[in-house]
file structure_31.cif (mmCIF, C-alpha atoms)
data_target
loop_
_atom_site.label_atom_id
_atom_site.label_comp_id
_atom_site.auth_asym_id
_atom_site.auth_seq_id
_atom_site.Cartn_x
_atom_site.Cartn_y
_atom_site.Cartn_z
CA MET A 1 112.52 96.94 115.26
CA ARG A 2 112.27 93.18 115.53
CA ILE A 3 110.24 91.15 113.02
CA VAL A 4 108.41 88.08 114.32
CA TYR A 5 106.87 85.50 111.99
CA GLU A 6 105.57 82.74 114.26
CA PRO A 7 102.40 83.26 116.35
CA CYS A 8 103.75 81.19 119.26
CA GLN A 9 106.93 83.30 119.37
CA MET A 10 104.90 86.53 119.31
CA GLN A 11 102.75 85.21 122.18
CA LYS A 12 105.83 84.47 124.29
CA ILE A 13 107.21 87.97 123.69
CA ALA A 14 103.87 89.58 124.55
CA SER A 15 103.52 87.46 127.70
CA LYS A 16 106.96 88.59 128.89
CA TYR A 17 106.10 92.26 128.48
CA ARG A 18 102.79 91.80 130.30
CA ALA A 19 104.58 89.92 133.11
CA TRP A 20 107.08 92.78 133.39
CA GLY A 21 104.16 95.18 133.85
CA LYS A 22 104.69 96.87 130.50
CA THR A 23 101.72 98.14 128.49
CA ILE A 24 101.37 96.99 124.88
CA GLY A 25 99.80 99.10 122.14
CA PHE A 26 98.76 97.17 119.03
CA ILE A 27 97.85 98.23 115.49
CA PRO A 28 96.59 95.48 113.15
CA THR A 29 97.11 96.30 109.46
CA MET A 30 97.13 94.69 106.04
CA GLY A 31 100.23 96.61 105.09
CA TYR A 32 100.92 99.11 102.31
CA LEU A 33 101.00 101.68 105.09
CA HIS A 34 99.99 105.32 104.81
CA GLU A 35 99.66 108.34 107.09
CA GLY A 36 96.43 106.98 108.53
CA HIS A 37 98.32 104.00 109.93
CA ILE A 38 101.12 106.25 111.12
CA SER A 39 98.65 108.35 113.12
CA LEU A 40 97.61 105.18 114.99
CA ILE A 41 101.24 104.29 115.68
CA LYS A 42 102.04 107.76 117.00
CA GLN A 43 99.11 107.60 119.42
CA ALA A 44 100.05 104.07 120.52
CA LYS A 45 103.60 105.24 121.27
CA LYS A 46 102.24 108.04 123.46
CA ASP A 47 99.95 105.69 125.37
CA ASN A 48 102.07 102.56 125.86
CA ASP A 49 105.48 101.21 126.82
CA VAL A 50 105.88 99.09 123.67
CA VAL A 51 104.14 99.09 120.27
CA PHE A 52 103.34 96.04 118.15
CA VAL A 53 102.16 96.29 114.55
CA SER A 54 100.91 93.35 112.50
CA ILE A 55 100.92 93.10 108.71
CA PHE A 56 98.68 90.34 107.42
CA VAL A 57 96.51 90.38 104.30
CA ASN A 58 93.73 88.26 105.74
CA PRO A 59 92.19 85.95 103.11
CA THR A 60 89.07 85.12 105.12
CA GLN A 61 87.70 88.66 104.84
CA PHE A 62 87.85 88.68 101.03
CA ALA A 63 85.10 87.18 98.87
CA PRO A 64 86.19 85.14 95.80
CA ASN A 65 85.44 88.07 93.45
CA GLU A 66 87.37 90.64 95.51
CA ASP A 67 90.93 91.93 95.31
CA LEU A 68 92.89 89.57 97.57
CA ASP A 69 95.51 88.67 94.96
CA LYS A 70 96.11 92.22 93.79
CA TYR A 71 95.84 93.93 97.18
CA PRO A 72 98.88 96.28 97.29
CA ARG A 73 101.92 94.94 99.11
CA ASP A 74 105.36 96.44 99.73
CA ILE A 75 106.88 94.93 102.86
CA LYS A 76 110.27 96.64 102.49
CA ARG A 77 108.64 100.05 102.31
CA ASP A 78 106.44 99.16 105.28
CA GLU A 79 109.43 97.99 107.33
CA GLU A 80 111.22 101.28 106.67
CA MET A 81 108.18 103.30 107.75
CA LEU A 82 107.71 101.27 110.93
CA THR A 83 111.38 101.50 111.84
CA LYS A 84 111.30 105.26 111.33
CA GLU A 85 108.32 105.54 113.68
CA GLY A 86 110.06 103.53 116.39
CA VAL A 87 107.77 100.49 116.38
CA ASP A 88 109.17 97.80 118.66
CA PHE A 89 107.84 94.63 117.01
CA LEU A 90 106.37 93.80 113.61
CA PHE A 91 104.30 90.61 113.56
CA TYR A 92 104.38 89.35 109.97
CA PRO A 93 102.84 85.87 109.77
CA THR A 94 102.10 83.71 106.75
CA VAL A 95 98.61 82.49 105.89
CA GLU A 96 99.72 78.97 106.84
CA ASN A 97 100.79 80.21 110.28
CA MET A 98 97.42 81.84 110.89
CA TYR A 99 95.11 79.23 109.36
CA SER A 100 96.04 75.56 109.53
CA ASP A 101 94.66 73.08 106.98
CA ASN A 102 92.17 71.91 109.62
CA PHE A 103 91.07 75.40 110.71
CA GLN A 104 87.37 75.31 111.71
CA THR A 105 86.67 78.05 114.27
CA TYR A 106 85.20 81.45 113.42
CA VAL A 107 83.93 84.41 115.44
CA THR A 108 80.65 85.97 114.36
CA VAL A 109 78.95 89.17 115.54
CA ASP A 110 75.35 88.93 114.44
CA ASN A 111 73.09 91.93 113.84
CA LEU A 112 75.74 94.63 113.44
CA THR A 113 77.30 92.78 110.48
CA LYS A 114 74.13 92.38 108.41
CA VAL A 115 73.96 95.97 107.14
CA LEU A 116 76.17 98.45 105.25
CA GLU A 117 79.42 96.64 104.38
CA GLY A 118 77.91 93.39 105.61
CA ALA A 119 75.04 93.67 103.15
CA SER A 120 77.40 94.28 100.23
CA ARG A 121 80.06 91.83 101.46
CA PRO A 122 78.24 89.06 103.40
CA THR A 123 81.33 87.05 104.39
CA HIS A 124 83.57 90.00 105.19
CA PHE A 125 83.04 90.56 108.90
CA ARG A 126 83.31 86.92 109.91
CA GLY A 127 86.84 87.06 108.53
CA VAL A 128 87.57 90.37 110.25
CA THR A 129 86.35 89.37 113.71
CA THR A 130 88.06 85.98 113.51
CA VAL A 131 91.46 87.35 112.55
CA VAL A 132 91.29 90.27 115.00
CA ASN A 133 90.39 87.87 117.80
CA LYS A 134 93.37 85.70 116.85
CA LEU A 135 95.67 88.72 116.71
CA PHE A 136 94.52 89.86 120.16
CA ASN A 137 95.27 86.39 121.54
CA ILE A 138 98.71 86.46 119.90
CA THR A 139 99.83 90.00 120.78
CA LYS A 140 98.00 90.40 124.15
CA PRO A 141 97.62 94.19 123.87
CA ASN A 142 96.39 96.55 126.56
CA LYS A 143 95.14 98.92 123.87
CA ALA A 144 94.40 98.37 120.17
CA TYR A 145 94.02 101.19 117.66
CA PHE A 146 91.64 101.35 114.69
CA GLY A 147 90.82 104.16 112.26
CA LYS A 148 87.28 105.52 112.07
CA LYS A 149 87.32 105.28 108.26
CA ASP A 150 86.27 101.65 108.71
CA ALA A 151 83.48 102.78 111.00
CA GLN A 152 81.41 99.60 110.97
CA GLN A 153 84.52 97.50 111.60
CA LEU A 154 85.33 99.62 114.66
CA ILE A 155 81.79 99.28 116.00
CA VAL A 156 81.74 95.52 115.38
CA ILE A 157 85.11 94.96 117.06
CA LYS A 158 84.05 96.98 120.10
CA ARG A 159 80.93 94.79 120.32
CA MET A 160 83.01 91.61 120.05
CA VAL A 161 85.42 92.75 122.75
CA GLU A 162 82.59 93.61 125.12
CA ASP A 163 80.56 90.47 124.44
CA LEU A 164 83.53 88.09 124.79
CA ASN A 165 85.16 89.91 127.74
CA ILE A 166 88.42 90.38 125.85
CA ASP A 167 90.95 92.23 127.98
CA VAL A 168 91.81 95.05 125.59
CA GLU A 169 90.73 98.69 125.24
CA ILE A 170 89.69 99.65 121.70
CA ILE A 171 90.74 103.14 120.62
CA GLY A 172 89.03 104.72 117.59
CA MET A 173 91.13 107.33 115.81
CA PRO A 174 90.06 110.13 113.41
CA ILE A 175 90.10 109.66 109.64
CA VAL A 176 93.29 110.97 108.02
CA ARG A 177 92.70 112.62 104.65
CA GLU A 178 94.66 113.75 101.63
CA LYS A 179 94.92 117.51 101.08
CA ASP A 180 91.77 117.51 98.92
CA GLY A 181 89.79 115.50 101.49
CA LEU A 182 89.97 111.98 100.06
CA ALA A 183 90.24 109.51 102.95
CA MET A 184 93.61 107.78 102.94
CA SER A 185 93.39 104.16 101.89
CA SER A 186 95.76 101.53 100.52
CA ARG A 187 93.26 101.02 97.69
CA ASN A 188 93.72 104.61 96.46
CA LYS A 189 96.75 103.21 94.64
CA TYR A 190 94.39 101.54 92.15
CA LEU A 191 93.01 104.88 90.88
CA ASN A 192 94.18 106.38 87.61
CA GLU A 193 94.48 110.16 87.24
CA LYS A 194 90.85 110.78 86.21
CA GLU A 195 89.50 108.37 88.81
CA ARG A 196 91.60 110.01 91.51
CA LYS A 197 90.06 113.40 90.66
CA ASP A 198 86.54 111.98 90.71
CA ALA A 199 87.12 110.10 93.97
CA ILE A 200 86.82 113.40 95.82
CA CYS A 201 83.05 113.03 95.35
CA LEU A 202 82.83 110.88 98.51
CA TYR A 203 84.24 113.64 100.69
CA LYS A 204 82.25 116.34 98.88
CA SER A 205 79.00 114.44 99.48
CA LEU A 206 79.77 114.12 103.19
CA GLN A 207 80.56 117.83 103.34
CA LYS A 208 77.16 118.49 101.78
CA ALA A 209 75.50 116.30 104.38
CA LYS A 210 77.23 118.16 107.19
CA GLU A 211 76.17 121.50 105.71
CA LEU A 212 72.54 120.39 105.56
CA ILE A 213 72.60 119.06 109.12
CA ASP A 214 74.26 122.22 110.42
CA ASN A 215 71.41 124.14 108.78
CA GLY A 216 68.83 122.13 110.69
CA ILE A 217 67.88 119.43 108.16
CA LYS A 218 67.05 116.20 110.02
CA ASP A 219 65.25 114.13 107.38
CA THR A 220 67.64 111.36 106.34
CA GLN A 221 66.06 110.84 102.91
CA ALA A 222 66.58 114.51 102.05
CA VAL A 223 70.22 114.32 103.12
CA LYS A 224 70.81 111.11 101.14
CA LYS A 225 69.22 112.61 98.02
CA GLU A 226 71.51 115.62 98.14
CA MET A 227 74.53 113.35 98.64
CA GLU A 228 73.49 111.32 95.58
CA ASN A 229 73.23 114.52 93.53
CA VAL A 230 76.79 115.49 94.48
CA ILE A 231 78.20 112.09 93.47
CA ASN A 232 76.15 111.81 90.28
CA ALA A 233 77.59 115.12 89.07
CA TYR A 234 80.88 113.26 88.50
CA SER A 235 81.26 111.05 85.44
CA ILE A 236 82.95 107.89 86.76
CA PRO A 237 81.64 107.06 90.25
CA LYS A 238 78.75 104.63 90.82
CA ILE A 239 77.07 104.47 94.21
CA ASP A 240 76.99 101.14 96.02
CA TYR A 241 75.17 102.53 99.05
CA ILE A 242 74.56 105.68 101.06
CA ASN A 243 73.20 104.95 104.52
CA ILE A 244 72.38 106.90 107.66
CA ASN A 245 72.39 104.70 110.74
CA SER A 246 72.55 104.73 114.51
CA LEU A 247 76.13 104.63 115.76
CA THR A 248 75.15 102.24 118.54
CA THR A 249 72.78 99.78 116.82
CA LEU A 250 73.51 100.47 113.12
CA LYS A 251 69.77 100.52 112.50
CA GLU A 252 68.69 102.88 109.70
CA LEU A 253 67.40 106.23 110.87
CA GLU A 254 64.54 108.31 109.53
CA GLU A 255 65.80 111.38 111.36
CA ILE A 256 69.30 112.63 112.18
CA LYS A 257 70.08 112.19 115.88
CA LYS A 258 73.04 114.29 116.96
CA GLY A 259 75.40 112.15 119.00
CA ASP A 260 74.14 108.89 117.51
CA THR A 261 74.31 109.13 113.73
CA LEU A 262 76.70 107.55 111.25
CA ILE A 263 76.55 108.66 107.63
CA SER A 264 78.44 106.18 105.49
CA LEU A 265 78.83 105.40 101.83
CA ALA A 266 80.55 103.04 99.43
CA VAL A 267 81.22 104.14 95.87
CA PHE A 268 82.83 102.40 92.90
CA VAL A 269 85.31 104.72 91.23
CA GLY A 270 86.10 102.74 88.11
CA LYS A 271 86.73 99.23 89.44
CA THR A 272 87.88 100.47 92.85
CA ARG A 273 85.41 100.41 95.71
CA LEU A 274 86.00 103.23 98.20
CA ILE A 275 84.30 103.90 101.53
CA ASP A 276 84.04 106.97 103.74
CA ASN A 277 81.86 108.23 106.57
CA LEU A 278 80.88 111.05 108.87
CA TRP A 279 80.17 110.65 112.59
CA ILE A 280 77.48 113.03 113.86
#

call {"tool": "encode", "arguments": {"input": "structure_31.cif", "output": "structure tokens"}}
result
Amino acid sequence: MRIVYEPCQMQKIASKYRAWGKTIGFIPTMGYLHEGHISLIKQAKKDNDVVFVSIFVNPTQFAPNEDLDKYPRDIKRDEEMLTKEGVDFLFYPTVENMYSDNFQTYVTVDNLTKVLEGASRPTHFRGVTTVVNKLFNITKPNKAYFGKKDAQQLIVIKRMVEDLNIDVEIIGMPIVREKDGLAMSSRNKYLNEKERKDAICLYKSLQKAKELIDNGIKDTQAVKKEMENVINAYSIPKIDYININSLTTLKELEEIKKGDTLISLAVFVGKTRLIDNLWI
């Protein structure tokens, strides 16, 4: 595996592969990799001639009160994992390489970013769409892979790609979970033993929602209430939001619509904010 630090060098490499007719699969990450990331890499290797992975903890998607400085990092461990999986190139830029002192240009997707994570973190998605757009321009992928755990992010990026005619296919991949159901996340590292046990409440509440829907319940308020009851039975977690929205518009629903429903939630487990979701 080759590590590239400079955006202009990564662009030249990507351009050569495209000129040679090779397909590029790309996975953007913030590092501290886990099996969720590895599942994206494995699929990219199946689909493409070469695989690029980026590791960049993007400061523009963090608010001042969020965990940018303490976000988990272990580049040596990440390099070993990527090498083991046969990744061809790791793009590992510095903040200075990605954002010059005079940086002024941002990409904004409007309505889809005003709800859910966007309501709780108003500046988050402008940072996400800007850095992903930059990474697409730098790595020139044919296909880019994103996990469905960040459901709104996936929907927003698909919208951006379509609206701006970006020449890349976005592939959404299933959530990868721990044995007890907790969605894999780099932030799980923050949890102490008691918090880790209580964090299962997110998955349990989604299981409850699925059970209700499978039994014919369509009223979203009834489903949300039962999910709240599941979470509130645990001592530590505090609900940020539970929402049931259209998968296409992200508008809140009054009734479950099979094929177009996203059930998502954000919960503070101690000081750690975790998200999870269920696609209906």

call {"tool": "closest_residue", "arguments": {"input": "structure_31.cif", "among": "A:Ile138, A:Ala151, A:Val176, A:Ile170", "to": "Glu117 of chain A", "atoms": "all atoms listed in the file"}}
result
A:Ala151

call {"tool": "closest_residue", "arguments": {"input": "structure_31.cif", "among": "A:Lys70, A:Lys143, A:His34, A:Lys179", "to": "Phe52 of chain A", "atoms": "all atoms listed in the file"}}
result
A:Lys143

call {"tool": "resolve_selection", "arguments": {"input": "structure_31.cif", "expression": "the PyMOL selection byres ((chain A and resi 265) around 12)", "output": "ChimeraX atom specification"}}
result
/A:115-117,120,149-152,201-206,209,224,227-228,231,238-245,262-264,266-268,273-278

call {"tool": "atom_distance", "arguments": {"input": "structure_31.cif", "atom1": "atom CA of Met30 of chain A", "atom2": "atom CA of Arg73 of chain A"}}
result
8.4 Å

call {"tool": "closest_atom_pairs", "arguments": {"input": "structure_31.cif", "of": "segment 63-115 of chain A", "to": "segment 129-137 of chain A", "cutoff": "10 Å", "atoms": "all atoms listed in the file", "output": "tab-separated table"}}
result
residue	atom	partner	partner_atom	distance
A:Phe91	CA	A:Leu135	CA	9.4
A:Met98	CA	A:Lys134	CA	8.2
A:Tyr99	CA	A:Val131	CA	9.5
A:Thr105	CA	A:Thr130	CA	8.1
A:Tyr106	CA	A:Thr130	CA	5.4
A:Val107	CA	A:Thr130	CA	4.8
A:Thr108	CA	A:Thr129	CA	6.7
A:Val109	CA	A:Thr129	CA	7.6

call {"tool": "atom_distance", "arguments": {"input": "structure_31.cif", "atom1": "atom CA of Tyr234 of chain A", "atom2": "atom CA of His124 of chain A"}}
result
28.8 Å

call {"tool": "closest_residue", "arguments": {"input": "structure_31.cif", "among": "A:Asn65, A:Asn188, A:Thr248, A:Thr60", "to": "Gly127 of chain A", "atoms": "only C-alpha atoms"}}
result
A:Thr60

call {"tool": "resolve_selection", "arguments": {"input": "structure_31.cif", "expression": "the PyMOL selection byres ((chain A and resi 198) around 8)", "output": "PyMOL selection string"}}
result
chain A and resi 194-197+199-201+234-237+269

call {"tool": "atom_distance", "arguments": {"input": "structure_31.cif", "atom1": "atom CA of Lys148 of chain A", "atom2": "atom CA of Leu40 of chain A"}}
result
10.7 Å

call {"tool": "closest_residue", "arguments": {"input": "structure_31.cif", "among": "A:Leu253, A:Ile280, A:Ile55, A:Ala144", "to": "Tyr32 of chain A", "atoms": "only C-alpha atoms"}}
result
A:Ile55

call {"tool": "residues_around", "arguments": {"input": "structure_31.cif", "residues": "segment 17-23 of chain A", "least_positions_apart": "4", "cutoff": "10 Å", "atoms": "only C-alpha atoms", "output": "PyMOL selection string"}}
result
chain A and resi 12-13+47-51+140-143

call {"tool": "closest_residue", "arguments": {"input": "structure_31.cif", "among": "A:Ser39, A:Thr29, A:Thr272, A:Gln61", "to": "Tyr190 of chain A", "atoms": "all atoms listed in the file"}}
result
A:Thr272

call {"tool": "closest_residue", "arguments": {"input": "structure_31.cif", "among": "A:Gly181, A:Gly25, A:Pro174, A:Gly270", "to": "Phe89 of chain A", "atoms": "all atoms listed in the file"}}
result
A:Gly25

call {"tool": "build_atoms", "arguments": {"input": "structure_31.cif", "residues": "segment 146-176 of chain A", "atoms": "N, CA and C atoms", "output": "compact mmCIF listing (two decimals), in the frame of the given file"}}
result
# COMPACT_ATOMS: atom_id res chain seq x y z
N PHE A 146 92.31 101.52 115.97
CA PHE A 146 91.64 101.35 114.69
C PHE A 146 91.19 102.72 114.18
N GLY A 147 91.27 102.91 112.86
CA GLY A 147 90.82 104.16 112.26
C GLY A 147 89.31 104.19 112.09
N LYS A 148 88.73 105.37 112.21
CA LYS A 148 87.28 105.52 112.07
C LYS A 148 86.82 105.46 110.62
N LYS A 149 87.76 105.41 109.65
CA LYS A 149 87.32 105.28 108.26
C LYS A 149 86.54 103.97 108.07
N ASP A 150 87.01 102.91 108.71
CA ASP A 150 86.27 101.65 108.71
C ASP A 150 85.34 101.65 109.92
N ALA A 151 84.32 102.51 109.84
CA ALA A 151 83.48 102.78 111.00
C ALA A 151 82.75 101.53 111.49
N GLN A 152 82.16 100.79 110.56
CA GLN A 152 81.41 99.60 110.97
C GLN A 152 82.36 98.57 111.60
N GLN A 153 83.54 98.42 111.03
CA GLN A 153 84.52 97.50 111.60
C GLN A 153 84.83 97.87 113.04
N LEU A 154 85.04 99.15 113.31
CA LEU A 154 85.33 99.62 114.66
C LEU A 154 84.18 99.29 115.61
N ILE A 155 82.96 99.55 115.16
CA ILE A 155 81.79 99.28 116.00
C ILE A 155 81.64 97.79 116.27
N VAL A 156 81.86 96.98 115.24
CA VAL A 156 81.74 95.52 115.38
C VAL A 156 82.81 94.97 116.33
N ILE A 157 84.03 95.45 116.20
CA ILE A 157 85.11 94.96 117.06
C ILE A 157 84.87 95.37 118.51
N LYS A 158 84.39 96.58 118.73
CA LYS A 158 84.05 96.98 120.10
C LYS A 158 82.98 96.07 120.69
N ARG A 159 81.99 95.70 119.87
CA ARG A 159 80.93 94.79 120.32
C ARG A 159 81.51 93.42 120.67
N MET A 160 82.38 92.91 119.81
CA MET A 160 83.01 91.61 120.05
C MET A 160 83.81 91.62 121.35
N VAL A 161 84.59 92.65 121.55
CA VAL A 161 85.42 92.75 122.75
C VAL A 161 84.57 92.78 124.01
N GLU A 162 83.47 93.53 123.96
CA GLU A 162 82.59 93.61 125.12
C GLU A 162 81.87 92.28 125.35
N ASP A 163 81.34 91.70 124.29
CA ASP A 163 80.56 90.47 124.44
C ASP A 163 81.42 89.30 124.92
N LEU A 164 82.67 89.23 124.47
CA LEU A 164 83.53 88.09 124.79
C LEU A 164 84.50 88.39 125.93
N ASN A 165 84.32 89.55 126.59
CA ASN A 165 85.16 89.91 127.74
C ASN A 165 86.65 89.84 127.41
N ILE A 166 87.01 90.37 126.25
CA ILE A 166 88.42 90.38 125.85
C ILE A 166 89.11 91.54 126.55
N ASP A 167 90.27 91.26 127.13
CA ASP A 167 90.95 92.23 127.98
C ASP A 167 91.79 93.19 127.14
N VAL A 168 91.12 94.05 126.39
CA VAL A 168 91.81 95.05 125.59
C VAL A 168 90.90 96.26 125.45
N GLU A 169 91.49 97.45 125.47
CA GLU A 169 90.73 98.69 125.24
C GLU A 169 90.85 99.06 123.76
N ILE A 170 89.70 99.30 123.12
CA ILE A 170 89.69 99.65 121.70
C ILE A 170 89.66 101.17 121.56
N ILE A 171 90.62 101.70 120.82
CA ILE A 171 90.74 103.14 120.62
C ILE A 171 90.42 103.46 119.16
N GLY A 172 89.37 104.26 118.93
CA GLY A 172 89.03 104.72 117.59
C GLY A 172 89.70 106.05 117.30
N MET A 173 90.36 106.13 116.15
CA MET A 173 91.13 107.33 115.81
C MET A 173 90.54 108.03 114.58
N PRO A 174 90.66 109.37 114.51
CA PRO A 174 90.06 110.13 113.41
C PRO A 174 90.57 109.71 112.04
N ILE A 175 89.72 109.92 111.03
CA ILE A 175 90.10 109.66 109.64
C ILE A 175 91.20 110.63 109.23
N VAL A 176 92.23 110.12 108.58
CA VAL A 176 93.29 110.97 108.02
C VAL A 176 93.05 111.11 106.53
